[in-house]
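File shown: coords.txt (compact mmCIF, C-alpha atoms and all ligand atoms).
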# COMPACT_ATOMS: atom_id res chain seq x y z
CA MET A 5 -11.25 -22.97 10.21
CA ASP A 6 -14.00 -25.15 11.57
CA LYS A 7 -12.50 -28.59 11.23
CA VAL A 8 -8.82 -29.03 10.64
CA LEU A 9 -8.92 -31.46 7.73
CA ILE A 10 -5.31 -30.94 6.81
CA LYS A 11 -2.93 -33.76 7.80
CA ASP A 12 0.54 -33.36 9.31
CA LYS A 13 2.33 -34.53 6.16
CA ASP A 14 0.17 -32.41 3.81
CA GLU A 15 1.57 -29.30 2.26
CA CYS A 16 0.89 -26.27 4.43
CA TRP A 17 -1.94 -23.97 3.34
CA CYS A 18 0.39 -20.94 3.34
CA GLY A 19 1.94 -22.07 0.06
CA CYS A 20 5.52 -22.32 1.33
CA GLY A 21 5.84 -25.94 0.18
CA LYS A 22 6.73 -27.30 3.63
CA GLU A 23 4.81 -29.91 5.59
CA TYR A 24 1.88 -28.61 7.59
CA ALA A 25 3.21 -30.09 10.86
CA SER A 26 6.42 -28.06 10.64
CA CYS A 27 4.74 -24.89 9.37
CA HIS A 28 1.34 -23.47 10.38
CA LYS A 29 0.02 -26.33 12.52
CA GLU A 30 0.90 -24.65 15.80
CA PHE A 31 -0.37 -21.36 14.39
CA ASP A 32 -3.76 -22.92 13.65
CA GLN A 33 -3.97 -24.32 17.17
CA LYS A 34 -3.28 -20.88 18.64
CA LEU A 35 -5.91 -19.41 16.33
CA ILE A 36 -8.53 -21.85 17.62
CA GLU A 37 -7.60 -20.99 21.20
CA ALA A 38 -7.93 -17.29 20.41
CA ARG A 39 -11.31 -17.83 18.78
CA ASN A 40 -12.46 -19.73 21.85
CA LEU A 41 -11.41 -16.76 23.96
CA GLY A 42 -13.77 -14.60 21.89
CA TYR A 43 -11.37 -12.91 19.48
CA LEU A 44 -12.28 -12.22 15.87
CA ILE A 45 -9.58 -14.21 14.12
CA PRO A 46 -8.12 -13.22 10.74
CA PRO A 47 -8.82 -15.45 7.72
CA ARG A 48 -5.93 -17.29 6.04
CA ARG A 49 -5.86 -14.88 3.12
CA PHE A 50 -4.45 -12.23 5.49
CA ILE A 51 -1.41 -14.40 6.28
CA LYS A 52 1.74 -14.12 4.17
CA ASN A 53 4.32 -16.89 3.95
CA SER A 54 8.05 -16.32 4.43
CA LEU A 55 8.78 -16.15 0.70
CA GLN A 56 6.17 -13.43 0.24
CA ILE A 57 7.44 -11.52 3.27
CA GLU A 58 10.96 -11.67 1.83
CA GLY A 59 9.67 -10.16 -1.43
CA ILE A 60 7.78 -7.41 0.38
CA ARG A 61 10.86 -6.72 2.52
CA LYS A 62 12.90 -6.09 -0.66
CA ALA A 63 10.18 -3.84 -2.07
CA GLY A 64 10.19 -1.99 1.27
CA ILE A 65 13.93 -1.34 1.07
CA LEU A 66 13.49 0.09 -2.42
CA ASN A 67 10.53 2.21 -1.35
CA ASN A 68 12.61 3.56 1.55
CA GLY A 69 15.35 4.38 -0.94
CA LEU A 70 12.89 6.37 -3.02
CA LEU A 71 11.71 8.38 -0.02
CA ASP A 72 15.35 8.94 1.05
CA TYR A 73 16.15 10.19 -2.45
CA ILE A 74 13.23 12.64 -2.32
CA GLN A 75 14.24 13.70 1.19
CA GLU A 76 17.75 14.54 -0.03
CA ASN A 77 16.45 16.64 -2.89
CA ILE A 78 13.33 18.38 -1.60
CA LYS A 79 13.78 22.14 -1.18
CA PRO A 80 11.95 25.46 -1.24
CA ARG A 81 10.80 26.69 -4.70
CA MET A 82 10.58 23.14 -6.01
CA THR A 83 7.31 22.04 -7.65
CA THR A 84 5.57 18.82 -6.70
CA GLU A 85 5.84 17.85 -10.39
CA GLU A 86 9.62 17.80 -9.90
CA ILE A 87 9.14 15.28 -7.08
CA ASP A 88 7.18 13.12 -9.52
CA ARG A 89 10.03 13.40 -12.03
CA LEU A 90 12.59 12.37 -9.38
CA THR A 91 10.36 9.37 -8.67
CA VAL A 92 10.20 8.31 -12.31
CA LYS A 93 14.00 8.50 -12.50
CA TYR A 94 14.49 6.47 -9.31
CA LEU A 95 11.99 3.80 -10.31
CA LYS A 96 13.67 3.32 -13.68
CA GLU A 97 17.11 3.00 -12.08
CA HIS A 98 15.89 0.48 -9.51
CA ASP A 99 13.75 -1.89 -11.57
CA CYS A 100 10.52 -0.84 -9.83
CA GLU A 101 7.18 0.52 -10.86
CA SER A 102 4.77 2.94 -9.29
CA ALA A 103 1.64 1.23 -7.96
CA ASP A 104 -0.13 4.59 -7.98
CA TYR A 105 0.31 5.31 -11.68
CA MET A 106 -3.03 4.69 -13.42
CA TYR A 107 -4.51 3.16 -10.27
CA GLU A 108 -8.19 3.88 -10.86
CA GLY A 109 -6.96 6.50 -13.32
CA TYR A 110 -4.57 8.26 -10.91
CA PRO A 111 -2.32 10.29 -13.25
CA LYS A 112 1.03 10.47 -11.37
CA HIS A 113 3.61 8.20 -9.70
CA LEU A 114 3.09 9.17 -6.05
CA CYS A 115 1.04 11.52 -3.90
CA THR A 116 2.24 14.92 -2.69
CA SER A 117 -0.10 16.49 -0.15
CA VAL A 118 0.74 20.04 0.94
CA ASN A 119 -0.59 21.87 4.05
CA ASP A 120 -4.43 21.52 4.11
CA VAL A 121 -4.32 18.58 1.68
CA VAL A 122 -5.15 15.46 3.71
CA CYS A 123 -4.05 12.92 1.08
CA HIS A 124 -3.89 12.06 -2.63
CA GLY A 125 -2.49 15.43 -3.68
CA ILE A 126 -1.50 15.13 -7.36
CA PRO A 127 1.98 16.35 -8.34
CA SER A 128 1.68 19.51 -10.42
CA ASP A 129 3.74 22.24 -12.08
CA TYR A 130 1.47 24.72 -10.31
CA VAL A 131 2.20 23.59 -6.75
CA ILE A 132 5.42 25.26 -5.61
CA LEU A 133 6.88 24.46 -2.21
CA ASP A 134 7.41 27.50 -0.04
CA GLU A 135 9.30 28.07 3.17
CA GLY A 136 6.90 27.15 6.02
CA ASP A 137 4.97 24.49 4.06
CA ILE A 138 4.48 20.95 5.29
CA ILE A 139 4.16 18.16 2.73
CA ASN A 140 3.35 14.47 2.86
CA VAL A 141 5.06 12.37 0.20
CA ASP A 142 3.37 8.96 -0.15
CA ALA A 143 4.95 6.30 -2.34
CA THR A 144 3.84 2.78 -3.19
CA ILE A 145 6.18 0.77 -5.37
CA VAL A 146 5.99 -2.66 -6.97
CA HIS A 147 9.09 -4.81 -7.28
CA LYS A 148 8.87 -8.35 -8.71
CA GLY A 149 5.16 -8.39 -7.94
CA TYR A 150 5.50 -7.25 -4.32
CA TYR A 151 4.17 -3.96 -2.98
CA ALA A 152 5.41 -1.61 -0.27
CA ASP A 153 3.65 1.59 0.80
CA ALA A 154 5.00 4.36 3.04
CA SER A 155 4.85 8.10 3.50
CA ARG A 156 6.78 10.81 5.30
CA MET A 157 6.22 14.43 6.18
CA PHE A 158 8.75 17.05 5.17
CA MET A 159 8.94 20.54 6.61
CA ILE A 160 10.11 23.10 4.07
CA GLY A 161 12.58 25.50 5.62
CA LYS A 162 11.45 26.89 8.95
CA VAL A 163 7.82 26.08 9.77
CA LYS A 164 5.50 27.55 12.43
CA PRO A 165 5.36 25.80 15.84
CA ASN A 166 1.77 24.58 15.27
CA ALA A 167 2.85 22.85 12.04
CA GLU A 168 5.90 21.36 13.69
CA LYS A 169 3.75 20.03 16.53
CA LEU A 170 1.20 18.47 14.16
CA VAL A 171 3.93 16.70 12.18
CA ARG A 172 5.57 15.44 15.37
CA VAL A 173 2.39 14.28 17.10
CA THR A 174 1.21 12.46 13.95
CA LYS A 175 4.47 10.51 13.83
CA GLU A 176 4.15 9.76 17.54
CA CYS A 177 0.64 8.38 16.90
CA LEU A 178 2.05 5.98 14.31
CA ASP A 179 5.10 4.95 16.36
CA MET A 180 2.97 4.37 19.46
CA ALA A 181 0.58 2.17 17.45
CA VAL A 182 3.50 0.08 16.16
CA GLU A 183 4.89 -0.26 19.69
CA ALA A 184 1.49 -1.43 20.91
CA ILE A 185 1.48 -4.49 18.65
CA VAL A 186 1.71 -7.71 20.64
CA PRO A 187 0.82 -10.68 18.43
CA TRP A 188 -2.00 -12.91 19.70
CA LYS A 189 -3.10 -10.11 22.04
CA THR A 190 -3.58 -6.76 20.25
CA THR A 191 -6.59 -6.12 18.00
CA LEU A 192 -6.88 -3.53 15.23
CA ASN A 193 -9.15 -1.51 17.53
CA ASP A 194 -6.35 -1.31 20.11
CA LEU A 195 -4.16 0.44 17.52
CA ALA A 196 -6.98 2.85 16.68
CA LYS A 197 -7.35 3.68 20.35
CA VAL A 198 -3.65 4.50 20.79
CA ILE A 199 -3.80 6.83 17.79
CA GLU A 200 -7.09 8.48 18.70
CA VAL A 201 -6.16 9.08 22.33
CA HIS A 202 -2.77 10.61 21.51
CA ALA A 203 -4.17 12.86 18.74
CA LYS A 204 -7.06 14.13 20.88
CA LYS A 205 -4.86 14.67 23.93
CA ASN A 206 -2.88 17.10 21.78
CA GLY A 207 -6.00 18.91 20.57
CA PHE A 208 -6.05 17.31 17.12
CA SER A 209 -8.62 15.20 15.24
CA VAL A 210 -8.42 11.90 13.37
CA VAL A 211 -9.59 11.57 9.75
CA HIS A 212 -12.19 8.82 9.26
CA GLU A 213 -12.56 8.67 5.48
CA TYR A 214 -9.22 6.99 4.73
CA CYS A 215 -7.47 4.18 6.52
CA GLY A 216 -4.58 1.74 6.54
CA HIS A 217 -4.86 -1.61 4.79
CA GLY A 218 -3.36 -4.98 4.10
CA VAL A 219 -0.62 -4.74 1.49
CA GLY A 220 1.96 -6.90 -0.24
CA LEU A 221 0.54 -8.79 -3.20
CA LYS A 222 -1.58 -5.78 -4.17
CA MET A 223 -1.50 -2.16 -3.05
CA HIS A 224 -4.78 -2.43 -1.17
CA GLU A 225 -5.79 -5.66 0.51
CA ASP A 226 -8.05 -6.53 3.43
CA PRO A 227 -8.28 -5.76 6.27
CA TYR A 228 -9.10 -2.10 6.71
CA VAL A 229 -6.91 -0.62 9.43
CA LEU A 230 -8.97 2.20 10.91
CA HIS A 231 -7.35 4.98 12.93
CA TYR A 232 -10.43 5.59 15.09
CA GLN A 233 -12.19 3.18 17.41
CA VAL A 234 -15.36 1.33 16.49
CA LYS A 235 -17.89 -0.58 18.58
CA GLU A 236 -17.65 -3.79 16.57
CA LYS A 237 -15.12 -6.51 17.21
CA THR A 238 -12.00 -6.06 15.10
CA TYR A 239 -9.40 -8.60 14.00
CA LEU A 240 -6.82 -10.03 16.32
CA ILE A 241 -3.29 -9.25 15.10
CA VAL A 242 -1.25 -12.41 14.45
CA PRO A 243 2.12 -13.27 12.88
CA GLY A 244 2.25 -13.18 9.07
CA MET A 245 -0.10 -10.22 8.68
CA VAL A 246 1.34 -7.42 6.54
CA PHE A 247 -0.46 -4.09 6.65
CA THR A 248 -0.05 -0.34 6.74
CA ILE A 249 -0.84 2.10 9.50
CA GLU A 250 -1.19 5.61 8.11
CA PRO A 251 -2.98 8.05 10.40
CA MET A 252 -4.11 11.35 8.93
CA ILE A 253 -4.34 13.87 11.75
CA ASN A 254 -5.90 17.32 11.44
CA GLU A 255 -5.03 20.48 13.31
CA GLY A 256 -8.72 21.50 13.36
CA SER A 257 -11.85 19.45 12.65
CA ARG A 258 -11.66 15.99 11.10
CA TYR A 259 -13.91 16.86 8.17
CA LEU A 260 -12.74 17.02 4.60
CA TYR A 261 -13.93 17.62 1.07
CA LEU A 262 -12.82 16.17 -2.23
CA ASP A 263 -11.64 18.43 -5.05
CA TYR A 264 -14.42 18.14 -7.63
CA LYS A 265 -12.09 19.03 -10.51
CA ASP A 266 -9.52 16.27 -10.12
CA GLY A 267 -11.59 13.80 -8.08
CA TRP A 268 -8.59 12.88 -5.88
CA THR A 269 -7.29 15.71 -3.72
CA ALA A 270 -8.81 15.61 -0.22
CA ARG A 271 -8.61 18.87 1.75
CA THR A 272 -9.57 19.81 5.28
CA LYS A 273 -12.97 21.49 5.36
CA ASP A 274 -11.73 24.27 7.66
CA GLY A 275 -8.57 24.91 5.64
CA LYS A 276 -6.32 24.04 8.56
CA LEU A 277 -3.29 21.76 8.34
CA SER A 278 -3.29 17.97 8.04
CA ALA A 279 -0.39 15.56 8.47
CA GLN A 280 0.19 11.86 7.77
CA TRP A 281 2.89 9.26 8.23
CA GLU A 282 2.68 5.70 6.92
CA TYR A 283 4.59 2.45 7.42
CA THR A 284 4.23 -0.99 5.89
CA LEU A 285 4.84 -3.57 8.59
CA VAL A 286 4.86 -7.31 9.10
CA VAL A 287 3.82 -8.96 12.34
CA ASN A 288 6.26 -11.57 13.61
CA GLU A 289 6.27 -13.74 16.76
CA ASP A 290 7.29 -10.96 19.12
CA GLY A 291 6.01 -7.73 17.64
CA ALA A 292 6.00 -5.74 14.43
CA GLU A 293 8.86 -5.24 12.00
CA ILE A 294 8.68 -2.12 9.87
CA LEU A 295 9.25 -3.04 6.21
CA SER A 296 8.84 0.42 4.73
CA LYS A 297 8.94 3.81 6.39
N1 LIG A 301 -0.32 5.29 -1.14
C1 LIG A 301 -1.74 5.38 -0.90
C2 LIG A 301 -2.07 4.57 0.34
O1 LIG A 301 -1.44 4.78 1.33
C3 LIG A 301 -2.60 5.07 -2.05
C4 LIG A 301 -2.32 5.85 -3.26
S1 LIG A 301 -3.75 6.16 -4.08
C5 LIG A 301 -3.28 6.51 -5.63
O2 LIG A 301 -2.91 3.71 0.39
F1 LIG A 301 -4.30 6.81 -6.25
F2 LIG A 301 -2.40 7.46 -5.60
F3 LIG A 301 -2.74 5.48 -6.16
CO CO A 302 0.58 5.25 0.97
CO CO A 303 -1.42 2.95 2.29

Kindly transcribe the structure held in the file into structure tokens.
Ligand code: MF3
Ligand code: CO
Ligand code: CO
Amino acid sequence: MDKVLIKDKDECWCGCGKEYASCHKEFDQKLIEARNLGYLIPPRRFIKNSLQIEGIRKAGILNNGLLDYIQENIKPRMTTEEIDRLTVKYLKEHDCESADYMYEGYPKHLCTSVNDVVCHGIPSDYVILDEGDIINVDATIVHKGYYADASRMFMIGKVKPNAEKLVRVTKECLDMAVEAIVPWKTTLNDLAKVIEVHAKKNGFSVVHEYCGHGVGLKMHEDPYVLHYQVKEKTYLIVPGMVFTIEPMINEGSRYLYLDYKDGWTARTKDGKLSAQWEYTLVVNEDGAEILSK
């Protein structure tokens, strides 16, 4: 974005087909101003056009429907494999595909992470949900080439107060981060700070090894959306960015280990509980709109 070579009547760089002057011209001017103020400004490849956002919005509605369907059917004594089977049925009926299936060899259609599993738990006939368990169900679907990614926690029957608190505080971390988004003002680090401060205030820790990400035309796009603060400058949040926020919060220490047998399942090192919630959101002119939750 050094010299603006594009002319008013040229087609806008966002690919919408409109003239530059009536599309991203003003946006580019604001970006230059922000850069002059010292912000790290996002590259154009982070910015979705309205057609793409419409497609991701539809995928988000379908992904929400999948999570609703699981929510209606999840119950004690059910196996996580059954959740995978429900997913396959839903996807077939709704003209969608799982983005997880065969992603880097991942063998199932979504992730089911129970209790001390931080993320990427693989559905299995051997994992049976019991009263008192907490589980994260994380689904990423593709519909007409557009991706939406979201996860929810479910509490199975009556759970202990510490588990209930972890699930609640993790959701608060995510909701507070979304609320904090003011386009042209908030940076990714600001979101990390909101999450880190709220988790630590409640005696919990933030996982560092996994993070949120751009999403929409692929499951994982730039930028990384970290849930802990870093010293470096991070991107300014501007309209048209579509990304996930998905904090993983631990009851005990933040450290984890990877299951060496399946190569996917991440568990807390101390065996204590972990929780996660995830939304896909799009930044518009006055804040963030949640596309999948
Ligand atoms: N849904 C996950 C995320 O939030 C990614 C799934 S990894 C896979 O980024 F291996 F299961 F595909
Ligand atoms: Co996800
Ligand atoms: Co994600």

Query raised in the report: Which polymer residues have any atom within 12 Å of an atom of Leu170 of chain A, counting all atoms listed in the file, with same-chain residues fewer than 5 positions away left out, as a PyMOL selection string?
Result: chain A and resi 119-120+138-139+157-159+163-165+175-177+202-204+206-210+251-256+276-281

**Report entry** Neighbour list for segment 26-41 of chain A as a PyMOL selection string, cut-off 8 Å, all atoms listed in the file, skip fewer than 5 positions in-chain
**Finding:** chain A and resi 5+12+16-18+188

Report task. Residues within 12 Å of ligand CO 302 (chain A), counting only C-alpha atoms and all ligand atoms: report them as a count of residues only. Result -> 47

Requested in this report: List every protein, DNA or RNA residue with an atom no more than 9 Å from (8.9, -10.3, -0.7) in the file's coordinates, counting only C-alpha atoms, and format the result as a list in words.
Outcome: Ser54, Leu55, Gln56, Ile57, Glu58, Gly59, Ile60, Arg61, Lys62, Ala63, Gly64, His147, Lys148, Gly149, Tyr150, Tyr151, Gly220 and Leu221 of chain A

**Report entry** Residue with smallest distance to Glu293 of chain A - pool A:Val229, A:Leu195, A:Val201, A:Val182, counting only C-alpha atoms
**Finding:**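 So, comparing all the options, the nearest one is A:Val182.
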